[in-house]
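Have a look at the structure below, then the notes.
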Amino acid sequence: MAKIITRFPPSPTGKFHIGSARTALFNYLFAKHNKGDFLLRFEDTDQERSTKESEEDIKNGMEWLGLKWDGPISHQLNNMEKHLSLALKLVNEGLAYEKEGAIWFKVPQNQRIEFTDLIRGKVVFESKEFSDFVIVRSNKIPIYYFSNAIDDAEDKITHVLRGEEHLSNTPKQIFILEALGYKKPEYGHMPLILNEDRTKLSKRSGSVSLADYKEKGYLPEAIINFLALLGWNPGNEREFFTLEDLIKEFKIERVQKSPAIFNIEKLNFINAHYLRGKTDKELSKEANVSEKMVEIFKERAKTLKELQELSQGIIELKDYDFRLLIFKKSDKKKTKIGLEKTLEILEKQKDWPKAETEFEQILKNIMEENGLSFGDVFWPVRVALSGLEKSPSPTELLWALSKEESLERLKEALKKLS
């Protein structure tokens, strides 16, 4: 059996689209599951729109996701002379013709194009459904689907997996390959990715580039896991897959025909799972926050960015109204006493407690010894340390902040009440 070879052929004309990342992933998984090769080829004949920046963005995204291609990267532009010579060969053989400077492919009459799509099953097209079509523009730049088909044949691509929007190009490419005497690959057309309102995934509906998700603090392993489940299912209720797991489990027969729905809540759920699977030390490095902040917010955050923002919300104390310090069942006088007694006791601590439980005992003692309630002590201490209506507990905050910072914040709170 011939070695399976797949490819990912993006046009470097913009940011690496999240849908394109899924295409790359499915081609990678299919190849690696079958011990084959996965190639990367830039379709860069659109010289006006193709950029090196876009190429770098795509390569960086692929590397970030762990999708390693085999062999060197190729560029369609480098093969253009061959494409042009093959187009002229078709003209010489009467299978194409020149018109107004362009080269047109002559669609065969009364021919049926029939193939078994790896995902959609039997597909049939009649040649009468097609008019003659351009394969080389008047500016001598070959059309995408002409160059694409030739490069696939020259690269010995055995399986072409791509979005279903390319299905209408497939019969044209089969016409071309047959006319040139090339062996055609097997095709598989993957379902569209839609928003939850079933509109097409586009920039208008939110983030669509992989770089956007990276910037928002999503983890590559979560993106891989999520993208795999957009159109593929493992045949059971399992939700979490590493890239290695996916290579073992991926079968093209389990890719669905119906559209896949991009559910951001599902992505958040998956990302939170991988976030919590990391050590505090790893997250501290990746989010650039202290390990103590990681420990406090790890269970609350869904992304690295959220972890940063939650931590920053504590690190940088924002101004707040003094009334926030007073619990609804307390009053200004009791609140002031609770803060004063806390400040007094904490100032006496020669060695700042190392455990949250020690701070909890200190605050409970202050309550009991002064006839105060939870709302007279725990609430105002928490607000004084965070400046927020909702935040981690005062014991967590005392543990995470330094002695100097904690005391300074308590003093500032008392100033607000005076």
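Ligands are numbered from 1 in the order shown, chains are lettered A, B, ... in the order of the structure tokens, and residues start at 1 in each chain.
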Contact residues around Lys354 in chain A with only C-alpha atoms at 10 Å, ignoring same-chain residues under 5 positions, as a ChimeraX atom specification: /A:359,398-400
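Within the 12 Å cut-off around Gly181 in chain A, using only C-alpha atoms and omitting residues fewer than 4 positions from it on the same chain, the listed residues are Leu86, Lys89, Leu90, Ala149, Ile150, Ala153, Glu154, Ile174, Phe175, Ile176 and Leu177 of chain A.
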Could you pull the residues within 8 Å of Lys106 in chain A, counting only C-alpha atoms, minus those fewer than 4 positions along the same chain, as a short mmCIF file (atom, residue, chain, number, x, y, z; two decimals) with all heavy atoms, in the first residue's frame?
```cif
data_model
loop_
_atom_site.label_atom_id
_atom_site.label_comp_id
_atom_site.auth_asym_id
_atom_site.auth_seq_id
_atom_site.Cartn_x
_atom_site.Cartn_y
_atom_site.Cartn_z
N LEU A 95 -7.25 20.49 -25.69
CA LEU A 95 -8.06 20.31 -24.47
C LEU A 95 -8.30 21.64 -23.75
O LEU A 95 -9.02 21.70 -22.75
CB LEU A 95 -7.36 19.34 -23.52
CG LEU A 95 -7.11 17.93 -24.10
CD1 LEU A 95 -6.26 17.11 -23.14
CD2 LEU A 95 -8.42 17.24 -24.40
N ALA A 96 -7.68 22.69 -24.25
CA ALA A 96 -7.86 24.04 -23.72
C ALA A 96 -7.66 25.01 -24.88
O ALA A 96 -7.18 24.62 -25.95
CB ALA A 96 -6.87 24.32 -22.60
N TYR A 97 -8.02 26.28 -24.67
CA TYR A 97 -7.86 27.27 -25.74
C TYR A 97 -7.62 28.64 -25.13
O TYR A 97 -7.94 28.89 -23.97
CB TYR A 97 -9.10 27.29 -26.64
CG TYR A 97 -10.40 27.55 -25.91
CD1 TYR A 97 -10.87 28.86 -25.70
CD2 TYR A 97 -11.16 26.50 -25.40
CE1 TYR A 97 -12.07 29.10 -25.03
CE2 TYR A 97 -12.36 26.72 -24.72
CZ TYR A 97 -12.81 28.03 -24.55
OH TYR A 97 -13.98 28.26 -23.87
N ASP A 132 -17.01 25.88 -19.85
CA ASP A 132 -15.56 25.99 -19.92
C ASP A 132 -15.10 26.99 -18.86
O ASP A 132 -15.79 27.98 -18.58
CB ASP A 132 -15.14 26.48 -21.31
CG ASP A 132 -15.44 25.45 -22.40
OD1 ASP A 132 -15.84 24.33 -22.05
OD2 ASP A 132 -15.30 25.80 -23.59
N PHE A 133 -13.92 26.76 -18.27
CA PHE A 133 -13.48 27.63 -17.19
C PHE A 133 -12.02 28.04 -17.37
O PHE A 133 -11.23 27.33 -18.00
CB PHE A 133 -13.68 26.97 -15.82
CG PHE A 133 -13.08 25.59 -15.69
CD1 PHE A 133 -11.75 25.43 -15.29
CD2 PHE A 133 -13.84 24.46 -15.96
CE1 PHE A 133 -11.19 24.17 -15.16
CE2 PHE A 133 -13.27 23.18 -15.84
CZ PHE A 133 -11.96 23.04 -15.44
#
```
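The neighbours of Ile193 in chain A here are the residues that come within 9 Å of it, using only C-alpha atoms and leaving out any residue fewer than 6 positions away in the same chain; they are Gly19, Thr199, Lys200, Leu201, Leu230, Gly231, Pro259, Ala260, Ile261 and Phe262 of chain A.
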Name all residues at most 12 Å from Pro185 in chain A (count only C-alpha atoms; drop same-chain ones fewer than 3 positions away) and give them as a short mmCIF file (atom, residue, chain, number, x, y, z; two decimals) with N, CA and C atoms, in the first residue's frame.
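This is the output file result_14.cif:
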```cif
data_model
loop_
_atom_site.label_atom_id
_atom_site.label_comp_id
_atom_site.auth_asym_id
_atom_site.auth_seq_id
_atom_site.Cartn_x
_atom_site.Cartn_y
_atom_site.Cartn_z
N ALA A 2 0.51 2.22 -0.86
CA ALA A 2 1.31 3.46 -0.97
C ALA A 2 1.25 4.25 0.33
N ILE A 4 0.64 7.12 2.76
CA ILE A 4 -0.34 8.21 2.75
C ILE A 4 0.37 9.54 2.94
N ILE A 5 0.02 10.49 2.08
CA ILE A 5 0.60 11.84 2.17
C ILE A 5 -0.55 12.86 2.08
N THR A 6 -0.66 13.70 3.09
CA THR A 6 -1.65 14.78 3.08
C THR A 6 -0.91 16.11 3.05
N ARG A 7 -1.67 17.16 2.86
CA ARG A 7 -1.04 18.49 2.84
C ARG A 7 -1.98 19.53 3.41
N PHE A 115 -16.99 10.01 -7.78
CA PHE A 115 -15.96 9.59 -6.83
C PHE A 115 -16.59 9.36 -5.46
N THR A 116 -15.89 8.62 -4.64
CA THR A 116 -16.37 8.36 -3.28
C THR A 116 -15.65 9.30 -2.33
N ASP A 117 -16.40 10.27 -1.83
CA ASP A 117 -15.85 11.22 -0.87
C ASP A 117 -15.66 10.51 0.46
N LEU A 118 -14.50 10.70 1.09
CA LEU A 118 -14.19 10.00 2.34
C LEU A 118 -15.15 10.35 3.47
N ALA A 149 -4.20 21.54 -8.08
CA ALA A 149 -4.32 20.15 -8.52
C ALA A 149 -2.98 19.62 -9.02
N ILE A 150 -2.25 20.45 -9.77
CA ILE A 150 -0.95 20.02 -10.30
C ILE A 150 0.06 19.80 -9.17
N ASP A 151 0.11 20.75 -8.22
CA ASP A 151 1.05 20.60 -7.11
C ASP A 151 0.73 19.38 -6.27
N ASP A 152 -0.56 19.10 -6.09
CA ASP A 152 -0.93 17.89 -5.34
C ASP A 152 -0.41 16.65 -6.05
N ALA A 153 -0.55 16.62 -7.38
CA ALA A 153 -0.09 15.47 -8.15
C ALA A 153 1.44 15.35 -8.10
N GLU A 154 2.12 16.48 -8.25
CA GLU A 154 3.59 16.47 -8.22
C GLU A 154 4.13 16.10 -6.83
N ASP A 155 3.41 16.50 -5.78
CA ASP A 155 3.82 16.18 -4.41
C ASP A 155 3.38 14.78 -3.99
N LYS A 156 2.70 14.07 -4.91
CA LYS A 156 2.21 12.70 -4.64
C LYS A 156 1.25 12.66 -3.45
N ILE A 157 0.42 13.69 -3.37
CA ILE A 157 -0.60 13.74 -2.31
C ILE A 157 -1.61 12.63 -2.57
N THR A 158 -1.85 11.80 -1.57
CA THR A 158 -2.78 10.67 -1.74
C THR A 158 -4.19 11.02 -1.28
N HIS A 159 -4.29 11.94 -0.30
CA HIS A 159 -5.60 12.28 0.26
C HIS A 159 -5.71 13.79 0.46
N VAL A 160 -6.77 14.36 -0.10
CA VAL A 160 -7.03 15.79 0.03
C VAL A 160 -8.23 15.97 0.96
N LEU A 161 -7.97 16.49 2.15
CA LEU A 161 -9.04 16.79 3.11
C LEU A 161 -9.18 18.29 3.19
N THR A 170 -13.83 20.37 -7.01
CA THR A 170 -13.30 19.01 -7.18
C THR A 170 -13.50 18.46 -8.59
N GLN A 173 -11.03 19.98 -10.91
CA GLN A 173 -9.68 19.47 -10.72
C GLN A 173 -9.52 18.05 -11.26
N ILE A 174 -10.58 17.27 -11.17
CA ILE A 174 -10.52 15.91 -11.72
C ILE A 174 -10.43 15.98 -13.25
N LEU A 177 -6.75 16.91 -13.93
CA LEU A 177 -5.82 15.81 -13.65
C LEU A 177 -5.92 14.72 -14.72
N GLU A 178 -7.16 14.39 -15.10
CA GLU A 178 -7.34 13.36 -16.13
C GLU A 178 -6.78 13.82 -17.47
N TYR A 182 -2.50 12.69 -14.82
CA TYR A 182 -2.11 12.50 -13.42
C TYR A 182 -3.10 11.57 -12.70
N GLY A 188 -11.86 14.24 0.62
CA GLY A 188 -12.76 14.25 1.77
C GLY A 188 -13.12 15.70 2.07
#
```
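A straight line drawn from CA of Tyr144 in chain A to CA of Arg41 in chain A is 12.9 Å long.
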Backbone-only DSSP, alpha helix (DSSP H) members of range 44-280 of chain A, as a VMD selection string: chain A and resid 52 to 65 80 to 92 144 to 154 170 to 180 210 to 215 220 to 228 243 to 249 264 to 276 280
With C-alpha atoms retained, export the selected residues as a short mmCIF file (atom, residue, chain, number, x, y, z; two decimals), in the first residue's frame.
```cif
data_model
loop_
_atom_site.label_atom_id
_atom_site.label_comp_id
_atom_site.auth_asym_id
_atom_site.auth_seq_id
_atom_site.Cartn_x
_atom_site.Cartn_y
_atom_site.Cartn_z
CA LYS A 52 5.72 37.09 4.48
CA GLU A 53 4.00 38.29 7.68
CA SER A 54 1.08 36.00 6.97
CA GLU A 55 3.42 33.08 6.27
CA GLU A 56 5.13 33.65 9.61
CA ASP A 57 1.78 33.87 11.39
CA ILE A 58 0.71 30.53 9.91
CA LYS A 59 4.04 28.82 10.65
CA ASN A 60 4.08 30.17 14.21
CA GLY A 61 0.50 29.01 14.72
CA MET A 62 1.27 25.53 13.43
CA GLU A 63 4.33 25.26 15.67
CA TRP A 64 2.38 26.56 18.67
CA LEU A 65 -0.25 23.86 18.13
CA MET A 80 4.31 28.62 -11.76
CA GLU A 81 6.43 28.07 -14.85
CA LYS A 82 5.53 24.38 -14.81
CA HIS A 83 1.85 25.24 -14.37
CA LEU A 84 2.00 27.58 -17.40
CA SER A 85 3.79 25.02 -19.54
CA LEU A 86 1.16 22.39 -18.68
CA ALA A 87 -1.63 24.84 -19.54
CA LEU A 88 -0.01 25.43 -22.96
CA LYS A 89 0.35 21.65 -23.37
CA LEU A 90 -3.43 21.38 -22.95
CA VAL A 91 -3.89 24.10 -25.57
CA ASN A 92 -1.62 22.23 -28.00
CA TYR A 144 -5.84 28.47 -7.79
CA TYR A 145 -7.60 25.18 -8.51
CA PHE A 146 -5.39 24.52 -11.56
CA SER A 147 -2.09 25.06 -9.73
CA ASN A 148 -3.44 23.33 -6.63
CA ALA A 149 -4.32 20.15 -8.52
CA ILE A 150 -0.95 20.02 -10.30
CA ASP A 151 1.05 20.60 -7.11
CA ASP A 152 -0.93 17.89 -5.34
CA ALA A 153 -0.09 15.47 -8.15
CA GLU A 154 3.59 16.47 -8.22
CA THR A 170 -13.30 19.01 -7.18
CA PRO A 171 -14.85 18.00 -10.53
CA LYS A 172 -12.87 20.78 -12.27
CA GLN A 173 -9.68 19.47 -10.72
CA ILE A 174 -10.52 15.91 -11.72
CA PHE A 175 -11.07 17.11 -15.31
CA ILE A 176 -7.64 18.79 -15.19
CA LEU A 177 -5.82 15.81 -13.65
CA GLU A 178 -7.34 13.36 -16.13
CA ALA A 179 -6.46 15.65 -19.06
CA LEU A 180 -2.85 15.85 -17.86
CA LEU A 210 -5.62 31.59 15.94
CA ALA A 211 -3.45 34.48 17.17
CA ASP A 212 -6.56 36.06 18.77
CA TYR A 213 -7.16 32.94 20.85
CA LYS A 214 -3.52 32.71 21.83
CA GLU A 215 -3.60 36.36 22.93
CA PRO A 220 -2.62 25.09 22.48
CA GLU A 221 -3.64 21.70 23.87
CA ALA A 222 -7.15 23.05 24.52
CA ILE A 223 -7.44 24.52 21.01
CA ILE A 224 -6.31 21.18 19.50
CA ASN A 225 -8.82 19.25 21.63
CA PHE A 226 -11.65 21.68 20.79
CA LEU A 227 -10.93 21.79 17.04
CA ALA A 228 -10.82 18.00 16.85
CA LEU A 243 -2.60 15.39 20.37
CA GLU A 244 -1.06 11.93 20.92
CA ASP A 245 -4.50 10.56 21.89
CA LEU A 246 -6.02 12.05 18.75
CA ILE A 247 -3.38 10.50 16.50
CA LYS A 248 -4.31 7.08 17.93
CA GLU A 249 -8.08 7.62 17.85
CA ILE A 264 -17.20 29.26 22.98
CA GLU A 265 -18.50 27.87 26.29
CA LYS A 266 -17.27 24.43 25.26
CA LEU A 267 -13.87 25.89 24.42
CA ASN A 268 -13.77 27.65 27.81
CA PHE A 269 -14.70 24.40 29.56
CA ILE A 270 -11.94 22.48 27.76
CA ASN A 271 -9.39 25.24 28.34
CA ALA A 272 -10.20 25.41 32.06
CA HIS A 273 -9.60 21.64 32.26
CA TYR A 274 -6.10 21.95 30.79
CA LEU A 275 -5.39 25.06 32.85
CA ARG A 276 -6.08 23.15 36.07
CA ASP A 280 1.22 26.33 39.81
#
```
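Across A:Glu93, A:Lys390, A:Leu39, A:Glu98, the tightest approach to Pro72 in chain A is made by A:Leu39 when counting only C-alpha atoms.
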